[in-house]
Amino acid sequence: MQKRLATIEEKLPDADPLTRLQLVQERMDLQRQLDAADSTVDLQELEDEFVKAAADYSRRKGITYAAWRELGIDPAVLRRASIRRGAG
């Protein structure tokens, strides 16, 4: 991405207006992708928040252990959230 950004910067001064517009948009898109790649997400914090809310949410909405599993929620996380097989 950095290499493509450098190429865009080289081409911008001599580009016709339509090409310049496209290059500017591509530069913005690439910069947004780089910014997103640099940001970090605290997965443990997200998991902990899920654990706090999931059991009550599951009861209110009638969501079963099997439904969470089908979405890919790890069994250990469901145990931490007090969501058990056969419940619901």
# chains A, B, ... in the order shown; residues from 1 in each chain; ligands from 1
>>> select_by_dssp(residues="chain A", states="helix (DSSP H, G or I)", output="PyMOL selection string")
chain A and resi 2-14+17-38+43-61+65-70+75-80
>>> residues_around(residues="range 72-80 of chain A", least_positions_apart="4", cutoff="8 Å", atoms="only C-alpha atoms", output="VMD selection string")
chain A and resid 47 51 65 68 84
>>> residues_around(residues="range 22-30 of chain A", least_positions_apart="2", cutoff="12 Å", atoms="only C-alpha atoms", output="list of chain:residue names")
A:Met1, A:Gln2, A:Lys3, A:Arg4, A:Leu5, A:Ala6, A:Thr7, A:Ile8, A:Glu9, A:Glu10, A:Lys11, A:Leu12, A:Pro13, A:Asp14, A:Ala15, A:Asp16, A:Pro17, A:Leu18, A:Thr19, A:Arg20, A:Arg32, A:Gln33, A:Leu34, A:Asp35, A:Ala36, A:Ala37
